[in-house]
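Text of the file model_22.txt, holding compact mmCIF, C-alpha atoms:
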```txt
# COMPACT_ATOMS: atom_id res chain seq x y z
CA MET A 225 14.67 23.23 -1.04
CA MET A 226 11.78 22.57 1.37
CA GLY A 227 9.03 24.50 -0.47
CA ALA A 228 6.58 26.43 1.68
CA THR A 229 8.01 27.13 5.14
CA ILE A 230 6.06 26.64 8.35
CA PRO A 231 6.38 29.49 10.90
CA ALA A 232 8.36 28.58 14.01
CA GLY A 233 5.39 29.48 16.21
CA ALA A 234 3.17 27.07 14.30
CA TRP A 235 5.67 24.24 14.76
CA ARG A 236 5.85 24.90 18.51
CA GLY A 237 2.07 24.74 18.68
CA ILE A 238 1.94 21.49 16.72
CA VAL A 239 4.59 19.79 18.86
CA SER A 240 2.99 20.95 22.12
CA ARG A 241 -0.42 19.65 21.02
CA LEU A 242 1.01 16.27 20.03
CA ALA A 243 2.87 16.02 23.34
CA LEU A 244 -0.36 16.83 25.20
CA ALA A 245 -2.20 14.19 23.17
CA ALA A 246 0.42 11.59 24.10
CA LEU A 247 0.03 12.48 27.78
CA VAL A 248 -3.76 12.25 27.56
CA LEU A 249 -3.51 8.80 25.96
CA ALA A 250 -1.19 7.59 28.71
CA VAL A 251 -3.54 8.85 31.43
CA ALA A 252 -6.55 7.49 29.56
CA GLY A 253 -5.03 4.01 29.59
CA ASP A 254 -4.79 4.10 33.40
CA CYS A 255 -8.32 5.49 33.72
CA LEU A 256 -9.77 2.83 31.42
CA ALA A 257 -7.99 0.13 33.37
CA ALA A 258 -9.68 1.35 36.55
CA SER A 259 -13.14 1.83 35.06
CA LEU A 260 -13.68 -1.11 32.73
CA PRO A 261 -15.62 -4.09 34.07
CA ASP A 262 -13.59 -6.97 35.40
CA HIS A 263 -14.31 -9.11 32.34
CA PHE A 264 -12.33 -6.71 30.12
CA SER A 265 -8.56 -7.02 30.15
CA THR A 266 -6.40 -4.05 31.06
CA PRO A 267 -6.15 -1.93 27.88
CA GLU A 268 -2.75 -1.85 26.21
CA VAL A 269 -1.81 1.55 24.78
CA HIS A 270 1.08 1.96 22.35
CA GLY A 271 2.12 4.36 19.63
CA PHE A 272 4.81 6.68 18.41
CA LEU A 273 5.64 10.32 17.78
CA GLU A 274 7.54 10.92 14.54
CA LEU A 275 9.15 13.78 12.65
CA ARG A 276 9.67 13.06 8.94
CA THR A 277 11.05 15.35 6.25
CA GLY A 278 12.15 14.92 2.66
CA CYS A 279 12.89 16.92 -0.46
CA ARG A 280 13.27 16.39 -4.19
CA THR A 281 16.76 16.13 -5.60
CA GLN A 282 15.82 18.29 -8.58
CA SER A 283 13.35 21.02 -9.36
CA ASP A 284 9.86 19.91 -10.41
CA PRO A 285 7.80 22.72 -11.96
CA HIS A 286 4.59 20.91 -10.99
CA GLU A 287 5.25 20.31 -7.27
CA LYS A 288 6.82 21.86 -4.19
CA ASP A 289 10.45 21.13 -3.38
CA ALA A 290 9.36 19.32 -0.19
CA SER A 291 8.25 15.74 -0.86
CA VAL A 292 7.22 15.01 2.73
CA LEU A 293 7.11 17.25 5.82
CA GLU A 294 5.18 15.74 8.73
CA THR A 295 4.85 15.66 12.49
CA ARG A 296 2.85 12.51 13.25
CA LEU A 297 1.35 10.87 16.32
CA GLN A 298 0.05 7.32 16.09
CA ALA A 299 -1.77 5.72 19.01
CA GLU A 300 -3.31 2.28 19.39
CA ALA A 301 -5.32 0.74 22.18
CA SER A 302 -6.49 -2.85 22.54
CA THR A 303 -8.45 -4.88 25.05
CA GLN A 304 -10.28 -8.20 25.15
CA THR A 305 -12.91 -10.21 26.93
CA ASP A 306 -13.61 -13.91 27.06
CA TRP A 307 -15.66 -13.58 23.88
CA ALA A 308 -14.05 -10.81 21.80
CA GLN A 309 -11.00 -8.67 21.11
CA PHE A 310 -11.08 -4.94 20.32
CA LYS A 311 -8.48 -2.69 18.75
CA PHE A 312 -8.20 0.94 17.69
CA LYS A 313 -5.29 2.57 15.87
CA GLY A 314 -5.31 6.12 14.56
CA ASP A 315 -2.91 8.71 13.18
CA VAL A 316 -3.04 12.48 13.57
CA TRP A 317 -0.40 14.57 11.85
CA TYR A 318 0.42 17.98 10.49
CA ASP A 319 1.16 17.84 6.76
CA GLY A 320 3.61 20.59 5.88
CA VAL A 321 3.24 19.97 2.13
CA LEU A 322 -0.53 20.53 2.18
CA GLU A 323 -0.22 22.92 5.16
CA ARG A 324 -3.02 21.40 7.20
CA ALA A 325 -3.68 18.92 10.02
CA ARG A 326 -4.95 15.48 9.03
CA TYR A 327 -6.37 12.35 10.69
CA ASP A 328 -6.76 8.74 9.60
CA THR A 329 -8.25 5.76 11.43
CA ARG A 330 -5.94 2.85 10.61
CA GLU A 331 -7.80 0.16 12.56
CA ALA A 332 -11.04 -0.02 14.55
CA TRP A 333 -12.30 -3.57 14.76
CA MET A 334 -13.89 -6.29 16.86
CA PHE A 335 -12.68 -9.89 16.59
CA LEU A 336 -14.99 -12.80 17.47
CA ARG A 337 -14.51 -16.56 17.61
CA PRO A 338 -18.05 -18.03 17.68
CA SER A 339 -16.73 -21.57 17.25
CA GLU A 340 -13.51 -23.51 16.85
CA ILE A 341 -13.77 -23.36 13.07
CA LEU A 342 -14.94 -19.76 12.61
CA ASP A 343 -13.27 -16.37 13.17
CA ILE A 344 -14.97 -13.06 12.39
CA LYS A 345 -13.39 -9.61 12.28
CA ILE A 346 -15.68 -6.60 11.81
CA GLY A 347 -14.64 -3.00 11.23
CA ARG A 348 -11.78 -0.99 9.77
CA GLN A 349 -8.82 -3.29 9.15
CA VAL A 350 -5.72 -3.69 7.01
CA LEU A 351 -6.03 -6.84 4.89
CA THR A 352 -3.54 -8.69 2.72
CA TRP A 353 -2.81 -12.02 1.07
CA GLY A 354 -0.80 -13.41 -1.83
CA THR A 355 2.84 -14.44 -2.22
CA GLY A 356 4.51 -11.37 -3.78
CA ASP A 357 7.14 -9.23 -2.06
CA LEU A 358 5.85 -5.68 -2.70
CA VAL A 359 4.21 -7.01 -5.87
CA PHE A 360 0.46 -7.64 -5.65
CA LEU A 361 -1.57 -9.81 -8.03
CA ASN A 362 -4.47 -11.36 -6.12
CA ASP A 363 -4.23 -8.92 -3.23
CA LEU A 364 -6.90 -6.43 -4.30
CA PHE A 365 -7.05 -4.68 -0.94
CA PRO A 366 -6.27 -0.93 -1.09
CA LYS A 367 -2.69 0.33 -1.36
CA ASP A 368 -1.07 3.75 -1.08
CA TRP A 369 1.90 3.90 -3.45
CA GLN A 370 1.85 7.69 -3.12
CA SER A 371 2.87 7.41 0.55
CA PHE A 372 5.54 4.87 -0.39
CA PHE A 373 6.98 7.06 -3.16
CA ILE A 374 7.28 10.22 -1.02
CA GLY A 375 9.10 8.42 1.80
CA ARG A 376 6.54 7.52 4.44
CA ASP A 377 7.07 4.33 6.42
CA ALA A 378 6.34 1.10 4.52
CA GLU A 379 3.48 0.47 6.98
CA TYR A 380 1.43 3.04 5.06
CA LEU A 381 1.67 1.21 1.74
CA LYS A 382 -1.26 -0.95 2.82
CA THR A 383 -4.34 1.09 3.64
CA PRO A 384 -7.41 0.09 5.65
CA SER A 385 -10.87 -0.82 4.43
CA ASP A 386 -14.18 -1.05 6.28
CA SER A 387 -14.90 -4.75 5.94
CA VAL A 388 -16.21 -7.95 7.45
CA LYS A 389 -13.79 -10.87 7.28
CA ALA A 390 -14.88 -14.43 8.04
CA SER A 391 -12.30 -17.21 8.30
CA LEU A 392 -13.21 -20.91 8.31
CA PHE A 393 -10.85 -23.71 9.32
CA TRP A 394 -11.31 -27.36 8.41
CA ASP A 395 -8.88 -30.26 8.34
CA PHE A 396 -9.03 -30.46 4.55
CA LEU A 397 -9.34 -26.74 3.66
CA ASN A 398 -9.21 -23.21 5.05
CA ALA A 399 -11.17 -20.26 3.69
CA ASP A 400 -11.26 -16.48 4.05
CA PHE A 401 -14.19 -14.36 2.88
CA VAL A 402 -14.13 -10.56 2.89
CA PHE A 403 -17.11 -8.27 2.29
CA THR A 404 -16.53 -4.54 1.88
CA PRO A 405 -19.90 -2.74 1.60
CA LEU A 406 -18.42 0.34 -0.10
CA PHE A 407 -15.65 0.22 -2.71
CA ALA A 408 -12.24 1.15 -1.25
CA SER A 409 -9.91 2.29 -4.02
CA ASP A 410 -6.17 2.60 -3.82
CA ARG A 411 -4.94 5.98 -2.61
CA PHE A 412 -3.63 6.60 -6.08
CA ILE A 413 -1.48 9.41 -7.44
CA THR A 414 -3.53 12.47 -8.37
CA GLY A 415 -0.86 15.17 -8.58
CA GLN A 416 -1.35 16.32 -4.99
CA TYR A 417 2.14 15.24 -3.87
CA ILE A 418 3.69 13.70 -6.98
CA SER A 419 3.72 14.83 -10.62
CA TYR A 420 2.44 12.21 -13.06
CA TRP A 421 1.77 11.57 -16.75
CA ASN A 422 -1.65 12.98 -17.66
CA GLY A 423 -2.78 11.23 -20.84
CA ALA A 424 -5.59 13.72 -21.47
CA LEU A 425 -3.13 16.62 -21.44
CA GLY A 426 -0.37 14.67 -23.15
CA ARG A 427 2.22 15.88 -20.65
CA LEU A 428 3.38 15.70 -17.05
CA ALA A 429 1.06 17.37 -14.56
CA GLY A 430 0.98 18.03 -10.83
CA ASN A 431 -0.93 19.95 -8.20
CA GLU A 432 -1.99 22.54 -10.77
CA SER A 433 -3.83 19.83 -12.75
CA GLU A 434 -4.92 17.22 -10.21
CA LEU A 435 -6.59 14.15 -11.68
CA ASP A 436 -10.35 14.54 -12.07
CA PHE A 437 -12.08 11.26 -11.18
CA GLU A 438 -15.37 9.74 -10.11
CA LYS A 439 -15.42 6.76 -7.73
CA PRO A 440 -18.30 4.34 -7.14
CA ASN A 441 -19.86 5.63 -3.93
CA GLN A 442 -23.13 3.78 -3.28
CA TRP A 443 -23.12 1.67 -0.12
CA PHE A 444 -23.83 -2.03 -0.78
CA THR A 445 -24.51 -1.35 -4.48
CA ASP A 446 -20.80 -0.62 -5.04
CA ALA A 447 -19.55 -3.36 -2.73
CA GLU A 448 -16.47 -5.59 -3.03
CA TYR A 449 -16.20 -9.33 -2.44
CA ALA A 450 -12.95 -11.25 -2.00
CA ALA A 451 -12.23 -14.89 -1.16
CA ARG A 452 -9.27 -17.17 -0.60
CA LEU A 453 -9.20 -20.96 -0.30
CA TYR A 454 -5.92 -22.35 0.96
CA GLN A 455 -4.29 -25.45 2.38
CA THR A 456 -0.83 -26.81 3.10
CA VAL A 457 0.07 -29.97 1.18
CA GLY A 458 3.31 -31.40 2.48
CA ALA A 459 5.62 -28.39 2.76
CA TYR A 460 3.78 -26.33 0.14
CA GLU A 461 1.08 -23.69 0.60
CA LEU A 462 -1.57 -23.79 -2.13
CA ALA A 463 -4.21 -21.10 -2.59
CA LEU A 464 -7.05 -20.06 -4.88
CA TYR A 465 -8.33 -16.47 -4.96
CA GLY A 466 -11.36 -14.59 -6.19
CA TYR A 467 -12.39 -10.93 -6.28
CA CYS A 468 -15.45 -9.05 -7.52
CA GLY A 469 -15.45 -5.27 -7.50
CA PHE A 470 -13.71 -2.53 -9.46
CA TRP A 471 -10.28 -1.60 -10.80
CA LYS A 472 -8.43 -0.26 -7.75
CA ASN A 473 -6.85 2.58 -9.74
CA PRO A 474 -8.70 4.48 -12.47
CA GLY A 475 -9.14 1.96 -15.27
CA GLY A 476 -11.00 4.03 -17.81
CA VAL A 477 -12.11 7.46 -18.96
CA ALA A 478 -15.72 8.64 -19.17
CA ALA A 479 -17.05 10.65 -22.12
CA SER A 480 -16.83 13.72 -19.86
CA GLY A 481 -13.08 13.17 -19.47
CA GLU A 482 -13.28 12.02 -15.85
CA ALA A 483 -11.21 9.01 -14.78
CA ILE A 484 -13.48 6.13 -13.76
CA PHE A 485 -13.27 2.73 -12.05
CA PRO A 486 -14.81 0.05 -14.31
CA ARG A 487 -15.99 -3.24 -12.88
CA LEU A 488 -13.42 -5.98 -12.39
CA ARG A 489 -13.36 -9.68 -11.55
CA VAL A 490 -10.13 -11.46 -10.65
CA HIS A 491 -9.41 -15.19 -10.41
CA GLY A 492 -6.02 -16.50 -9.37
CA ALA A 493 -3.87 -19.14 -7.72
CA SER A 494 -0.53 -19.45 -5.97
CA VAL A 495 1.93 -21.98 -4.60
CA ARG A 496 4.77 -21.32 -2.17
CA GLY A 497 7.25 -23.67 -0.56
CA PRO A 498 10.88 -24.74 -0.07
CA LEU A 499 13.17 -24.61 -3.08
CA ALA A 500 16.99 -24.87 -3.36
CA GLY A 501 17.63 -23.86 0.23
CA GLY A 502 15.16 -21.00 0.13
CA ILE A 503 11.48 -20.28 -0.49
CA GLY A 504 10.03 -20.22 -4.00
CA ASN A 505 6.65 -18.94 -5.11
CA ILE A 506 4.50 -18.84 -8.23
CA GLU A 507 1.33 -16.75 -8.54
CA VAL A 508 -1.03 -16.05 -11.44
CA ALA A 509 -4.14 -13.90 -11.80
CA TYR A 510 -6.71 -13.29 -14.53
CA TYR A 511 -8.10 -9.73 -14.52
CA ASP A 512 -11.52 -9.83 -16.20
CA SER A 513 -12.47 -6.30 -17.28
CA VAL A 514 -16.24 -6.78 -17.00
CA ASP A 515 -17.22 -3.57 -18.80
CA ASP A 516 -14.97 -4.32 -21.80
CA PRO A 517 -14.73 -8.12 -22.15
CA ASP A 518 -13.54 -8.07 -25.79
CA GLY A 519 -11.21 -5.09 -25.63
CA ARG A 520 -13.31 -3.08 -28.07
CA ASP A 521 -13.76 0.02 -25.90
CA PRO A 522 -10.59 2.15 -26.03
CA ARG A 523 -11.72 4.11 -22.97
CA ILE A 524 -11.63 1.08 -20.62
CA ASN A 525 -8.74 -1.17 -19.59
CA ASN A 526 -8.54 -4.50 -21.41
CA SER A 527 -8.57 -7.75 -19.50
CA GLU A 528 -5.12 -8.93 -18.38
CA MET A 529 -3.15 -11.94 -17.26
CA ARG A 530 -0.56 -11.38 -14.55
CA TYR A 531 2.26 -13.78 -13.64
CA LEU A 532 4.82 -13.81 -10.83
CA VAL A 533 7.74 -16.12 -10.06
CA GLY A 534 9.85 -15.43 -6.96
CA PHE A 535 12.65 -16.85 -4.85
CA ALA A 536 13.91 -15.76 -1.42
CA ARG A 537 16.65 -17.05 0.83
CA GLU A 538 19.22 -16.10 3.43
CA ILE A 539 22.50 -15.35 1.62
CA GLY A 540 24.60 -14.65 4.70
CA ARG A 541 24.37 -14.06 8.41
CA ASP A 542 21.49 -11.64 9.01
CA CYS A 543 21.36 -11.01 5.27
CA ASN A 544 18.30 -11.90 3.18
CA ALA A 545 17.55 -11.50 -0.51
CA SER A 546 14.59 -12.07 -2.79
CA VAL A 547 14.22 -11.82 -6.55
CA GLN A 548 11.00 -11.80 -8.58
CA TYR A 549 9.99 -11.81 -12.22
CA TYR A 550 6.62 -10.22 -12.91
CA VAL A 551 4.70 -10.03 -16.21
CA GLU A 552 1.53 -8.17 -17.19
CA GLN A 553 -0.07 -9.43 -20.41
CA GLN A 554 -2.71 -7.28 -22.05
CA LEU A 555 -5.39 -9.51 -23.61
CA ASP A 556 -7.27 -8.75 -26.84
CA TYR A 557 -4.23 -6.72 -27.83
CA GLN A 558 -5.08 -6.50 -31.53
CA GLN A 559 -8.42 -4.91 -30.68
CA TYR A 560 -6.59 -2.45 -28.44
CA ARG A 561 -4.21 -1.44 -31.24
CA LYS A 562 -7.06 -1.03 -33.72
CA THR A 563 -8.90 1.41 -31.47
CA PHE A 564 -5.92 3.20 -29.90
CA THR A 565 -5.67 6.85 -30.99
CA GLY A 566 -2.82 8.16 -28.82
CA GLU A 567 0.87 8.60 -29.61
CA GLN A 568 2.43 5.82 -27.52
CA PRO A 569 0.47 2.54 -27.19
CA ARG A 570 1.09 0.15 -24.33
CA ASP A 571 3.15 -2.95 -25.00
CA GLU A 572 1.33 -6.26 -25.02
CA LEU A 573 3.72 -7.55 -22.35
CA ARG A 574 5.22 -5.54 -19.50
CA HIS A 575 8.16 -7.22 -17.75
CA VAL A 576 9.46 -6.26 -14.30
CA LEU A 577 12.36 -7.71 -12.32
CA THR A 578 12.52 -6.97 -8.59
CA LEU A 579 15.25 -7.31 -5.97
CA GLN A 580 14.89 -6.99 -2.20
CA LEU A 581 17.99 -6.98 0.03
CA THR A 582 18.14 -6.66 3.82
CA LYS A 583 21.23 -6.72 6.04
CA LEU A 584 21.33 -6.39 9.84
CA LEU A 585 24.47 -5.14 11.61
CA MET A 586 25.63 -3.94 15.05
CA ASN A 587 23.65 -6.49 17.07
CA GLN A 588 20.72 -5.99 14.68
CA ASN A 589 20.42 -2.32 15.63
CA LEU A 590 21.41 -1.19 12.13
CA GLU A 591 19.32 -2.25 9.13
CA LEU A 592 20.41 -1.67 5.54
CA SER A 593 17.83 -2.43 2.87
CA LEU A 594 17.18 -1.95 -0.82
CA SER A 595 14.00 -2.43 -2.82
CA GLY A 596 14.56 -2.35 -6.57
CA TYR A 597 12.31 -2.61 -9.63
CA TRP A 598 13.56 -2.68 -13.24
CA SER A 599 11.38 -2.99 -16.33
CA PRO A 600 13.31 -3.99 -19.47
CA SER A 601 10.18 -3.44 -21.58
CA ASP A 602 9.44 0.08 -20.28
CA ARG A 603 13.16 0.83 -19.86
CA ASP A 604 12.58 2.38 -16.46
CA ALA A 605 13.42 1.58 -12.85
CA TYR A 606 12.66 2.42 -9.22
CA LEU A 607 15.09 2.11 -6.30
CA ARG A 608 14.33 2.58 -2.61
CA PRO A 609 17.48 2.34 -0.44
CA LYS A 610 17.06 2.75 3.32
CA ILE A 611 19.18 2.89 6.48
CA LEU A 612 17.44 2.38 9.84
CA TYR A 613 19.28 2.71 13.15
CA LYS A 614 17.85 1.96 16.61
CA TRP A 615 19.40 4.37 19.10
CA THR A 616 17.45 2.81 21.97
CA ASP A 617 14.50 0.47 22.35
CA ASN A 618 12.24 3.52 21.92
CA ILE A 619 14.11 5.77 19.48
CA ASN A 620 15.05 5.03 15.89
CA GLN A 621 16.21 7.11 12.95
CA GLU A 622 15.71 6.41 9.25
CA ILE A 623 17.36 7.82 6.14
CA GLY A 624 16.29 6.76 2.68
CA ALA A 625 15.56 7.72 -0.90
CA ASN A 626 13.11 7.11 -3.72
CA ILE A 627 14.97 7.08 -7.03
CA PHE A 628 13.09 6.98 -10.35
CA LEU A 629 14.74 6.37 -13.72
CA GLY A 630 13.32 6.15 -17.22
CA ARG A 631 13.69 7.15 -20.85
CA ARG A 632 10.07 8.23 -21.40
CA ASP A 633 7.67 10.38 -19.41
CA ASP A 634 4.69 8.06 -19.90
CA THR A 635 5.99 4.81 -18.36
CA MET A 636 5.23 3.53 -14.86
CA PHE A 637 8.42 4.77 -13.20
CA GLY A 638 9.70 7.13 -15.89
CA GLN A 639 6.87 9.59 -15.24
CA TYR A 640 8.17 10.15 -11.70
CA LYS A 641 11.78 11.08 -12.55
CA ALA A 642 11.31 14.63 -11.22
CA ASP A 643 9.88 13.15 -7.99
CA THR A 644 13.18 11.49 -6.99
CA ASN A 645 13.66 12.40 -3.32
CA ILE A 646 15.64 11.81 -0.16
CA TYR A 647 14.03 11.67 3.28
CA MET A 648 14.78 11.14 6.94
CA SER A 649 12.76 10.51 10.09
CA LEU A 650 13.15 10.41 13.85
CA ARG A 651 10.66 8.29 15.82
CA TYR A 652 9.95 7.85 19.52
CA SER A 653 7.84 4.78 20.31
CA PHE A 654 5.88 4.24 23.51
```

Once you've parsed the file, please lay out its structure as structure tokens.
Amino acid sequence: MMGATIPAGAWRGIVSRLALAALVLAVAGDCLAASLPDHFSTPEVHGFLELRTGCRTQSDPHEKDASVLETRLQAEASTQTDWAQFKFKGDVWYDGVLERARYDTREAWMFLRPSEILDIKIGRQVLTWGTGDLVFLNDLFPKDWQSFFIGRDAEYLKTPSDSVKASLFWDFLNADFVFTPLFASDRFITGQYISYWNGALGRLAGNESELDFEKPNQWFTDAEYAARLYQTVGAYELALYGYCGFWKNPGGVAASGEAIFPRLRVHGASVRGPLAGGIGNIEVAYYDSVDDPDGRDPRINNSEMRYLVGFAREIGRDCNASVQYYVEQQLDYQQYRKTFTGEQPRDELRHVLTLQLTKLLMNQNLELSLSGYWSPSDRDAYLRPKILYKWTDNINQEIGANIFLGRRDDTMFGQYKADTNIYMSLRYSF
């Protein structure tokens, strides 16, 4: 059930190299502490070594039986001076599904505080804002749902971007401004790990028919701009958002058949605060499809309105729950229907209900959780149950699943039915 097998000798080599890397990092921390000038703090070095494996619960003719098969080392180092903070975090891992070693810099930034009202962070960083619980409206920073769906840790859902973030703080208003000089798309599903609905082929496809796409790739010309204005009024957090860039997933098709990323502007607002013994939130966003403002081009996404209402509260000792109602409204829908030439048009409204449950047991060493999404309009659903147990302060084990349900192969979750999988991991943190 695990697809392509990795020779035992190769695994021994991988593990020995990762162990050596961990030792080098530990020694490097001591060496840096001895060599850095006195005005730098002693570097803090942390990280983890993790084994993670998972497999599909049914055969998928488009993908391997293994959904995830990784040996991963993450290391982070941080230090500071009187005038700045510095942090690096990177992952190196062997990917048994792709059968190759990989590397990703998660964070590499410098943080400055030039004045009491101004913070600046420069470099590779993971950014987020908005009020949704695993539902993102005004958060247009890159995501990796592919990692989430195959069973990687939830940390990897949010991916880094190379950006400059400036934060301003006044008594009457706070503001965040983010400039990303080169467009950072989502790490979207291409068929490399997960089979998907390919509209051009009119069927499910996978690694034999990976999505052909063209991303904006000109520095500064294809930049992104994001802003948030926020303030607390009484017990309520109010915020306004703005974004100028591109659709984060392919939002159109070129004449050549390549998937493309049309220009996008987003304006939104949110409010969050106490409600009925818990926390309630409302968030809205207007997605302005700049390259197709009237919905007349069938090859480009129409503009949309997105709405979210949520409520979270503690429902028992060490037991928390949240529910959300999310709606996507396609604008200029009549124009879309007039120009649509496929077999199954999108609905004007897509409804999604979400449920998040978390329960801690055994002195909070055992965590039971469930993330659930159900769309009554698409008639599909996605469930992610998880059990996490801490054996010691340094060692934890996780068992979980990604369960996809749906009546049709062309809906958001229904297209992934054959990608339903179970996974487990063992992690040592240092």

Checklist entry - Got a sec: who's within 7 Å of Ala332 (chain A), counting all atoms listed in the file, leaving out chain neighbours fewer than 3 positions off, as an MDAnalysis selection string? => result chainID A and resid 311:313 347:349

Item to check | Expected answer as JSON, numbers by chain: all residues with atoms within 7 Å of (-11.8, 0.9, -5.5), all atoms listed in the file | outcome: {"A": [407, 408, 409, 410, 470, 471, 472, 473, 485]}

Next on the checklist: Could you check which residues have any atom within 8 Å of (-7.5, -5.1, 6.8), counting all atoms listed in the file with coordinates taken straight from the file, and then list them as a PyMOL selection string?
Outcome noted: chain A and resi 331+348-352+365+383-387

Proximity of region 410-491 of chain A to region 633-638 of chain A: per-residue shortest pair, 8 Å limit, all atoms listed in the file, as a tab-separated table:
```
residue	atom	partner	partner_atom	distance
A:Trp421	CA	A:Asp634	CA	5.5
A:Arg427	CA	A:Asp633	CA	7.8
A:Leu428	CA	A:Asp633	CA	7.2
```

Checklist entry - So what do you get for CA of Leu462 (chain A) versus CA of Ser494 (chain A), distance-wise? => result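 Rounded to one decimal, the two atoms are 5.9 Å apart.
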
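Among the candidates A:Tyr531, A:Leu579, A:Gly519, A:Ser480, the one nearest to Gln558 (chain A) when counting all atoms listed in the file is A:Gly519.
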
Checklist entry - Rounded to one decimal in Å, what is the spacing between CA of Leu342 (chain A) and CA of Leu453 (chain A)? => result 14.2 Å

Item to check | For CA of Thr277 (chain A) and CA of Asp368 (chain A), the interatomic separation in Å (one decimal) | outcome: 18.3 Å

Checklist entry - Quick one: residues within 7 Å of region 598-601 of chain A, all atoms listed in the file counted, chain neighbours fewer than 3 positions away excluded, as a ChimeraX atom specification? => result /A:574-578,604-606

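Proximity ranking of A:Val388, A:Ala625, A:Val547, A:Ala290 relative to Ile418 (chain A) places A:Ala290 first, based on only C-alpha atoms.
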
Checklist entry - Which residue out of A:Ala390, A:Leu361, A:Leu381, A:Ile539 has the minimum interatomic distance to Arg411 (chain A) when only C-alpha atoms are used? => result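 For Arg411 (chain A), the nearest of the candidates is A:Leu381.
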
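Take the candidates A:Leu322, A:Leu650, A:Thr644, A:Asp602 and check each one against Arg631 (chain A) using only C-alpha atoms; the shortest distance goes to A:Asp602.
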
Skip Leu590 (chain A) itself and residues of its chain fewer than 2 positions away, then list as a tab-separated table (two decimals) with C-alpha atoms, keeping the file's coordinate frame all residues within 6 Å of it, counting only C-alpha atoms.
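Everything below was put into out-v5.tsv:
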```tsv
chain	number	residue	atom	x	y	z
A	584	LEU	CA	21.33	-6.39	9.84
A	585	LEU	CA	24.47	-5.14	11.61
A	586	MET	CA	25.63	-3.94	15.05
A	588	GLN	CA	20.72	-5.99	14.68
A	612	LEU	CA	17.44	2.38	9.84
A	613	TYR	CA	19.28	2.71	13.15
```

Checklist entry - For Gln639 (chain A), which residue among A:Thr404, A:Asn525, A:Asn422, A:Ser371 is the nearest when counting only C-alpha atoms? => result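 Looking only at the distances to Gln639 (chain A), the closest residue turns out to be A:Asn422.
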
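Using all atoms listed in the file, the smallest distance between any of A:Phe335, A:Tyr465, A:Tyr420, A:Tyr560 and Asn362 (chain A) comes from A:Tyr465.
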
Next on the checklist: I want to know what sits within 7 Å of His270 (chain A), based on only C-alpha atoms, with residues of the same chain fewer than 2 positions away left out; could you give that as a ChimeraX atom specification?
Outcome noted: /A:268,299-301,654

Residues from last step as file, C-alpha atoms, as a short mmCIF file (atom, residue, chain, number, x, y, z; two decimals), in the coordinates of the input:
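Result went into selection_24.cif, see below:
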```cif
data_model
loop_
_atom_site.label_atom_id
_atom_site.label_comp_id
_atom_site.auth_asym_id
_atom_site.auth_seq_id
_atom_site.Cartn_x
_atom_site.Cartn_y
_atom_site.Cartn_z
CA GLU A 268 -2.75 -1.85 26.21
CA ALA A 299 -1.77 5.72 19.01
CA GLU A 300 -3.31 2.28 19.39
CA ALA A 301 -5.32 0.74 22.18
CA PHE A 654 5.88 4.24 23.51
#
```

Starting from 5 Å padding per side, set up an axis-aligned box that covers all listed atoms of region 484-499 of chain A and hand over centre and edge lengths in Å, one decimal, as JSON.
```
{"center_x": -1.4, "center_y": -9.3, "center_z": -7.2, "size_x": 39.2, "size_y": 40.9, "size_z": 24.2}
```

Checklist entry - Which residues, written as a PyMOL selection string, have at least one atom at most 10 Å from Glu461 (chain A), with all atoms listed in the file counted and residues fewer than 2 positions away on the same chain left out? => result chain A and resi 355+454-459+463+494-498+505

File output for region 422-430 of chain A (N, CA and C atoms) as a PDB file, in the first residue's frame:
```pdb
ATOM      1  N   ASN A 422      -9.536  17.931 -13.683  1.00  0.00           N
ATOM      2  CA  ASN A 422      -8.926  18.723 -14.741  1.00  0.00           C
ATOM      3  C   ASN A 422     -10.019  19.108 -15.729  1.00  0.00           C
ATOM      4  N   GLY A 423     -10.429  20.387 -15.696  1.00  0.00           N
ATOM      5  CA  GLY A 423     -11.524  20.828 -16.546  1.00  0.00           C
ATOM      6  C   GLY A 423     -11.217  20.705 -18.025  1.00  0.00           C
ATOM      7  N   ALA A 424      -9.941  20.924 -18.396  1.00  0.00           N
ATOM      8  CA  ALA A 424      -9.577  20.831 -19.809  1.00  0.00           C
ATOM      9  C   ALA A 424      -9.734  19.412 -20.336  1.00  0.00           C
ATOM     10  N   LEU A 425      -9.420  18.424 -19.484  1.00  0.00           N
ATOM     11  CA  LEU A 425      -9.547  17.026 -19.886  1.00  0.00           C
ATOM     12  C   LEU A 425     -10.948  16.485 -19.640  1.00  0.00           C
ATOM     13  N   GLY A 426     -11.703  17.165 -18.758  1.00  0.00           N
ATOM     14  CA  GLY A 426     -13.038  16.695 -18.431  1.00  0.00           C
ATOM     15  C   GLY A 426     -13.046  15.429 -17.602  1.00  0.00           C
ATOM     16  N   ARG A 427     -12.004  15.243 -16.792  1.00  0.00           N
ATOM     17  CA  ARG A 427     -11.895  14.032 -15.965  1.00  0.00           C
ATOM     18  C   ARG A 427     -10.909  14.281 -14.836  1.00  0.00           C
ATOM     19  N   LEU A 428     -10.824  13.303 -13.923  1.00  0.00           N
ATOM     20  CA  LEU A 428      -9.800  13.351 -12.890  1.00  0.00           C
ATOM     21  C   LEU A 428      -8.434  13.100 -13.505  1.00  0.00           C
ATOM     22  N   ALA A 429      -7.422  13.758 -12.959  1.00  0.00           N
ATOM     23  CA  ALA A 429      -6.052  13.594 -13.448  1.00  0.00           C
ATOM     24  C   ALA A 429      -5.116  13.588 -12.252  1.00  0.00           C
ATOM     25  N   GLY A 430      -3.882  13.156 -12.490  1.00  0.00           N
ATOM     26  CA  GLY A 430      -2.898  13.091 -11.415  1.00  0.00           C
ATOM     27  C   GLY A 430      -1.509  13.356 -11.930  1.00  0.00           C
TER      28      GLY A 430
END
```
